[in-house]
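Colleague: Below is the structure I would like to discuss, written out as C-alpha cells.
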Amino acid sequence: MKIRQFVKLAFPVILAVMILQGCSKDSSNPTGPTTETPSITIRTTYKQFLGTPITLYATFSPAVRESDIAWMQKGQILYRASQTNGTRRITADTLIINYNNLPAFSDEYNKDTLFIRMLSNTDLISNRLIIPLMNHRPVLDSALMNNIRVFKAGQTVVRLHLNTQIQGRLRTYVRDIDGQTVKCRVLGLTGYDTLLSDTIWRFNGYSSDTTFEATLEAYDGQGGTLQLPMEIIVYSEAHCIWIASSNQNNVSYLSKLTGDGQYLFSADRFKQIKQLAIYPTSERSMESVWIVDWNSTSVSKDTVFILDDDGRVRYAIGGFKDRINHLSLNLNDNIAYMTEGDTTLRRIDGSSRLSTLMRLPSGYTAEVLAAHPSNIDEYWLSVYKSSDAKRKVIHYNGSSATDTLNYDSLSAIASLSLSPRNNIYWIGEDAKVVVCRLNTDTVISVITGFHQPYVVSDQRSGQPYCWISDRGTSKLYRLSLSNSTTTLSARTTVSAAETANLCESVSLGDGLVFQEAMALDYTQSTQPRLLVADFNQNRILQLNGLTGALLDEFYMADLELENPEAISVNVIVY
C-alpha cells in the first residue's frame, strides 16, 4: 500500500518531516519509494517572499538520487539546485530563491507557491513547502504631462501630446506592492533614455504633426519590471479640431484632434454641449475653448465653460436665470456675447467677467446672435415681435441699435454669419438664404429653395462665399456671391444659382448635420477646408473649402467616440 502525505509547515524552524512508505525493495537504485522509511526535512529562513532572498534547505534520509529532485513552481520546474547529471546520491539540497529565478506578478492578489518534489520521475510521492511568493511588477497608477493626466490605471498605452511651442514636464506615479523603490525610464526614444522624474521634454522645430513611439519602463531593480508602449504626439495648436459628441448615456464629450485628425484627448465632464467656439492661438495668448453646457434638470444649472488648450477648466460661469441660447465670439479680444432666455443679452470676457448689455423691450424675442469678429461690442441680433410675428435683424453697438435690416419677409432665422472683410453677412432662415450688405444693412440677394439652411461664411477677402448645411435635404451647398462672369441676382433659386455656377452641392446621403456642426479652416496662403460633423453616419468629413471635393474622412468609432454634434477649429487667421 502506497501512502502520499502532505504536512503543513511552520516557520522558521524545522518545518516538516514527511514519512514516505512504499513497496520497492531495491534501495541501491531507488526509482520510487523504498522499503526503508525515507524522510524529507525542509526548513527555510523566511516565512514569505518579500524581496529578500529565501534559502530553502532539504535534508533526505536515506540518500536519494539527484535526478529525482526538482524544485517546482506551479507544477513547472523552476530551478534545479544541484548542477550535476544526477549520477550520485545525496542527502541534502539547497535552493536560494531570489529575483533572478522568480517570475513577477501583476497585482497584489496574484500570489504563488513554491514546493519541492522528490523522486520527480514518479507521481507516487510528493512533498510540498508552501511559501507565498510576492515579487510583483510595479504598478503605474497615473502619469501627468504638465499636470494633465495622460495615463490612468487600467489603460494599456501611455499617450502623450505636446505642443511644439512649449516644454513639457512628465511625472509618473508608480507604486510597488513589495515596498521596493521604483524608477522609470523611456526606452527607444532618441535623446530621452533617462530617468523620468521631473524630466523636461522639448520637441522644437517640427513644422507638422509628428508621432513618436517608445516604451515606458518601471523597474524595482530586483527583477520586477513593467513595460508599457508609449505614443508621443508632437503637434501645433494651429488648425487643431475640437469636437462635441454624445453617447448613449447622454454624456457630452469634448475631444481634441490634431489638424490631420490624430486623437489627443477627451473630457467627459459635460451634460449637453450646445455650442462650441474657439478663440485661436495668437502671439498674445493661448487657445481658449468656449462651451455652453445645458443642464436638463434646471436652466439655473446651465454653465458657460472657458477651457485652456489642454481641456482644463479655466472658468465656469453659472447661476443664470434662463437658458443660454446663443453664443458668439469676438476672435480678436476673446469676448463672448450670448442671449440669456428670450430678452437678455450678456457679455463675458476672457477673464470670466459677466455683464449685461441690454434687455429687449416687452413683446420682443431674441433669436440668433452674431458678434463682429474684431470690433468690441458690435453685433447683429435677429428678433421678432409677438404681435406681428415679423423678424428683424438689428445692428447694435453696445446697447444702442444703429441700424435695422430693411427687409421684413423673414421667417424663423436659424443662423447669422458675418464676413466683415467682404462687407457682407449671410442669413439662414426657414426656407431661404439672404445675403446682406454689412455697412448699410441692406439686402443684396435672396435665394429660395432651401430646407432649414445653416450658414458658415468665409472670412477671407476676395470673392465671398458661404457654406450651407441644408438639414431638410441632407446636402451641403457652397454658395458664391459672384464669379468671374456673373453675380447673384436680387432674387433667385438654388437651382438657378447652380446653373450659373454660383452654387455647388455635396450630398451627405443619410447624413445629418446639426447647427454648429460645420467649421471653415484656412490661412491667407492656402485653400480653406470645410470640416463637417455628420451625426447620423458618425464621421467627420474634410472637404476642399472652394470645390467641395472630399479630402479625407474619419469615423468617430476609430477614435472610440460617438455621434458628433458640434465642431470648431483653431483657425489662427480669420
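We name chains A, B, ... following the order of the C-alpha cells; residues begin at 1 in each chain, and ligands are numbered from 1 as shown.
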Name the residues of segment 365-545 of chain A that fall into helix (DSSP H, G or I) according to DSSP on the backbone, using the chain letters and numbers of this document, as a PDB file with C-alpha atoms, in the first residue's frame.
Modeller:
ATOM      1  CA  PRO A 420     -16.532  91.743 -42.463  1.00  0.00           C
ATOM      2  CA  ARG A 421     -13.629  91.678 -44.912  1.00  0.00           C
ATOM      3  CA  ASN A 422     -16.176  91.327 -47.715  1.00  0.00           C
ATOM      4  CA  VAL A 494     -30.874  77.248 -55.590  1.00  0.00           C
ATOM      5  CA  SER A 495     -31.254  75.505 -58.957  1.00  0.00           C
ATOM      6  CA  ALA A 496     -30.749  78.779 -60.880  1.00  0.00           C
ATOM      7  CA  ALA A 497     -27.618  79.519 -58.843  1.00  0.00           C
ATOM      8  CA  GLU A 498     -26.296  76.043 -59.662  1.00  0.00           C
ATOM      9  CA  THR A 499     -26.944  76.648 -63.352  1.00  0.00           C
TER      10      THR A 499
END
Colleague: Of the candidates A:Leu410, A:Leu329, A:Ala244, A:Leu479, which shows the shortest atom-to-atom distance to Asp293 of chain A, using only C-alpha atoms?
Modeller: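 Looking at the shortest contact to Asp293 of chain A, the residue is A:Ala244.
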Colleague: Taking into account only C-alpha atoms, which residue in the set A:Tyr263, A:Ile232, A:Lys390, A:Thr215 is nearest to Glu560 of chain A?
Modeller: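 Counting only C-alpha atoms, the residue closest to Glu560 of chain A is A:Tyr263.
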Colleague: Quick check for you: according to DSSP on this backbone, which residues of segment 389-570 of chain A are classed as strand (DSSP E or B)? Reply as a PyMOL selection string.
Modeller: chain A and resi 391-397+400-404+413-419+424-429+432-437+442-448+453-457+465-470+475-480+482+487+491-493+503-507+518-521+529-534+539-544+550-555+564-569
Colleague: Just the selected residues (C-alpha atoms), exported as a short mmCIF file (atom, residue, chain, number, x, y, z; two decimals), in the first residue's frame, please.
Modeller:
data_model
loop_
_atom_site.label_atom_id
_atom_site.label_comp_id
_atom_site.auth_asym_id
_atom_site.auth_seq_id
_atom_site.Cartn_x
_atom_site.Cartn_y
_atom_site.Cartn_z
CA ARG A 391 -38.41 89.07 -37.90
CA LYS A 392 -35.89 91.87 -37.89
CA VAL A 393 -32.10 91.89 -37.84
CA ILE A 394 -30.88 94.78 -35.70
CA HIS A 395 -27.32 96.07 -35.80
CA TYR A 396 -26.07 97.10 -32.33
CA ASN A 397 -23.11 98.96 -30.95
CA SER A 400 -27.70 101.05 -28.86
CA ALA A 401 -29.31 99.98 -32.13
CA THR A 402 -27.56 101.68 -35.03
CA ASP A 403 -29.49 100.17 -37.92
CA THR A 404 -32.12 97.62 -38.87
CA ILE A 413 -33.97 82.58 -38.53
CA ALA A 414 -31.55 79.74 -37.75
CA SER A 415 -28.18 81.38 -38.34
CA LEU A 416 -26.30 84.61 -38.99
CA SER A 417 -22.74 84.60 -40.29
CA LEU A 418 -20.62 87.72 -40.79
CA SER A 419 -17.87 88.26 -43.34
CA ILE A 424 -21.48 91.23 -46.17
CA TYR A 425 -23.37 88.86 -43.90
CA TRP A 426 -25.48 85.81 -44.59
CA ILE A 427 -28.79 84.84 -43.01
CA GLY A 428 -30.09 81.28 -42.94
CA GLU A 429 -33.81 81.20 -42.31
CA LYS A 432 -34.08 80.70 -47.92
CA VAL A 433 -30.67 82.34 -47.59
CA VAL A 434 -30.44 86.13 -47.57
CA VAL A 435 -27.21 87.97 -48.43
CA CYS A 436 -26.89 91.45 -46.89
CA ARG A 437 -24.52 94.43 -47.05
CA THR A 442 -29.44 96.21 -46.99
CA VAL A 443 -30.37 93.07 -48.91
CA ILE A 444 -28.16 92.04 -51.84
CA SER A 445 -29.81 88.76 -52.80
CA VAL A 446 -32.48 86.30 -51.66
CA ILE A 447 -32.03 82.63 -52.62
CA THR A 448 -35.00 80.32 -52.15
CA PRO A 453 -30.33 76.07 -44.01
CA TYR A 454 -27.47 76.81 -41.61
CA VAL A 455 -24.72 79.12 -42.92
CA VAL A 456 -20.99 79.47 -42.27
CA SER A 457 -19.23 82.22 -44.22
CA TYR A 465 -18.97 82.67 -50.39
CA CYS A 466 -20.64 80.66 -47.66
CA TRP A 467 -21.25 77.00 -46.93
CA ILE A 468 -24.79 75.90 -46.14
CA SER A 469 -25.89 72.71 -44.44
CA ASP A 470 -29.44 72.06 -45.55
CA LYS A 475 -26.97 68.31 -48.56
CA LEU A 476 -24.16 70.81 -48.29
CA TYR A 477 -24.09 73.83 -50.61
CA ARG A 478 -21.31 76.21 -51.44
CA LEU A 479 -22.94 79.50 -52.45
CA SER A 480 -20.87 82.29 -54.02
CA SER A 482 -20.20 86.15 -57.68
CA THR A 487 -23.31 87.73 -59.78
CA ARG A 491 -33.90 87.15 -56.17
CA THR A 492 -33.10 83.64 -57.37
CA THR A 493 -33.36 79.93 -56.53
CA CYS A 503 -23.72 77.12 -56.21
CA GLU A 504 -22.39 73.58 -55.83
CA SER A 505 -23.91 70.79 -53.75
CA VAL A 506 -22.46 67.84 -51.86
CA SER A 507 -24.82 65.04 -50.84
CA MET A 518 -19.56 72.99 -39.71
CA ALA A 519 -16.33 74.94 -39.47
CA LEU A 520 -14.04 76.57 -42.03
CA ASP A 521 -10.30 76.28 -41.53
CA ARG A 529 -11.02 73.22 -45.81
CA LEU A 530 -14.54 72.63 -44.56
CA LEU A 531 -14.93 70.38 -41.51
CA VAL A 532 -18.33 68.72 -41.18
CA ALA A 533 -19.61 66.68 -38.23
CA ASP A 534 -22.00 64.09 -39.68
CA ARG A 539 -17.96 60.65 -39.01
CA ILE A 540 -16.02 63.84 -39.66
CA LEU A 541 -15.65 64.99 -43.26
CA GLN A 542 -12.88 67.21 -44.55
CA LEU A 543 -13.77 68.93 -47.80
CA ASN A 544 -11.95 71.36 -50.03
CA LEU A 550 -13.60 65.18 -50.35
CA LEU A 551 -10.13 65.47 -48.84
CA ASP A 552 -10.46 62.97 -46.01
CA GLU A 553 -12.91 61.44 -43.59
CA PHE A 554 -12.50 59.69 -40.29
CA TYR A 555 -15.01 57.78 -38.26
CA PRO A 564 -20.57 64.28 -33.37
CA GLU A 565 -22.85 67.25 -32.83
CA ALA A 566 -20.63 70.34 -32.97
CA ILE A 567 -17.20 71.11 -34.38
CA SER A 568 -14.82 74.05 -34.23
CA VAL A 569 -11.24 74.68 -35.26
#
Colleague: Skip segment 367-377 of chain A itself and residues of its chain fewer than 6 positions away, then list as number ranges by chain all residues within 6 Å of it, counting only C-alpha atoms.
Modeller: A: 328, 330-332, 383, 397-398, 416
Colleague: Tell me, in Å to one decimal, how far atom CA of Arg347 of chain A is from atom CA of Asn250 of chain A.
Modeller: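 Distance between the two atoms: 28.9 Å.
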Colleague: Would you please work out which residue, of A:Gly188, A:Gly179, A:Gly259, A:Pro528, is nearest to Asp220 of chain A when using only C-alpha atoms?
Modeller: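 That would be A:Gly179, the residue with the smallest distance to Asp220 of chain A.
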Colleague: Find, counting only C-alpha atoms, the residue in A:Asp93, A:Val186, A:Lys256, A:Asp310 that gets nearest to Arg149 of chain A.
Modeller: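 Answer, going by the shortest atom-to-atom distance: A:Asp310.
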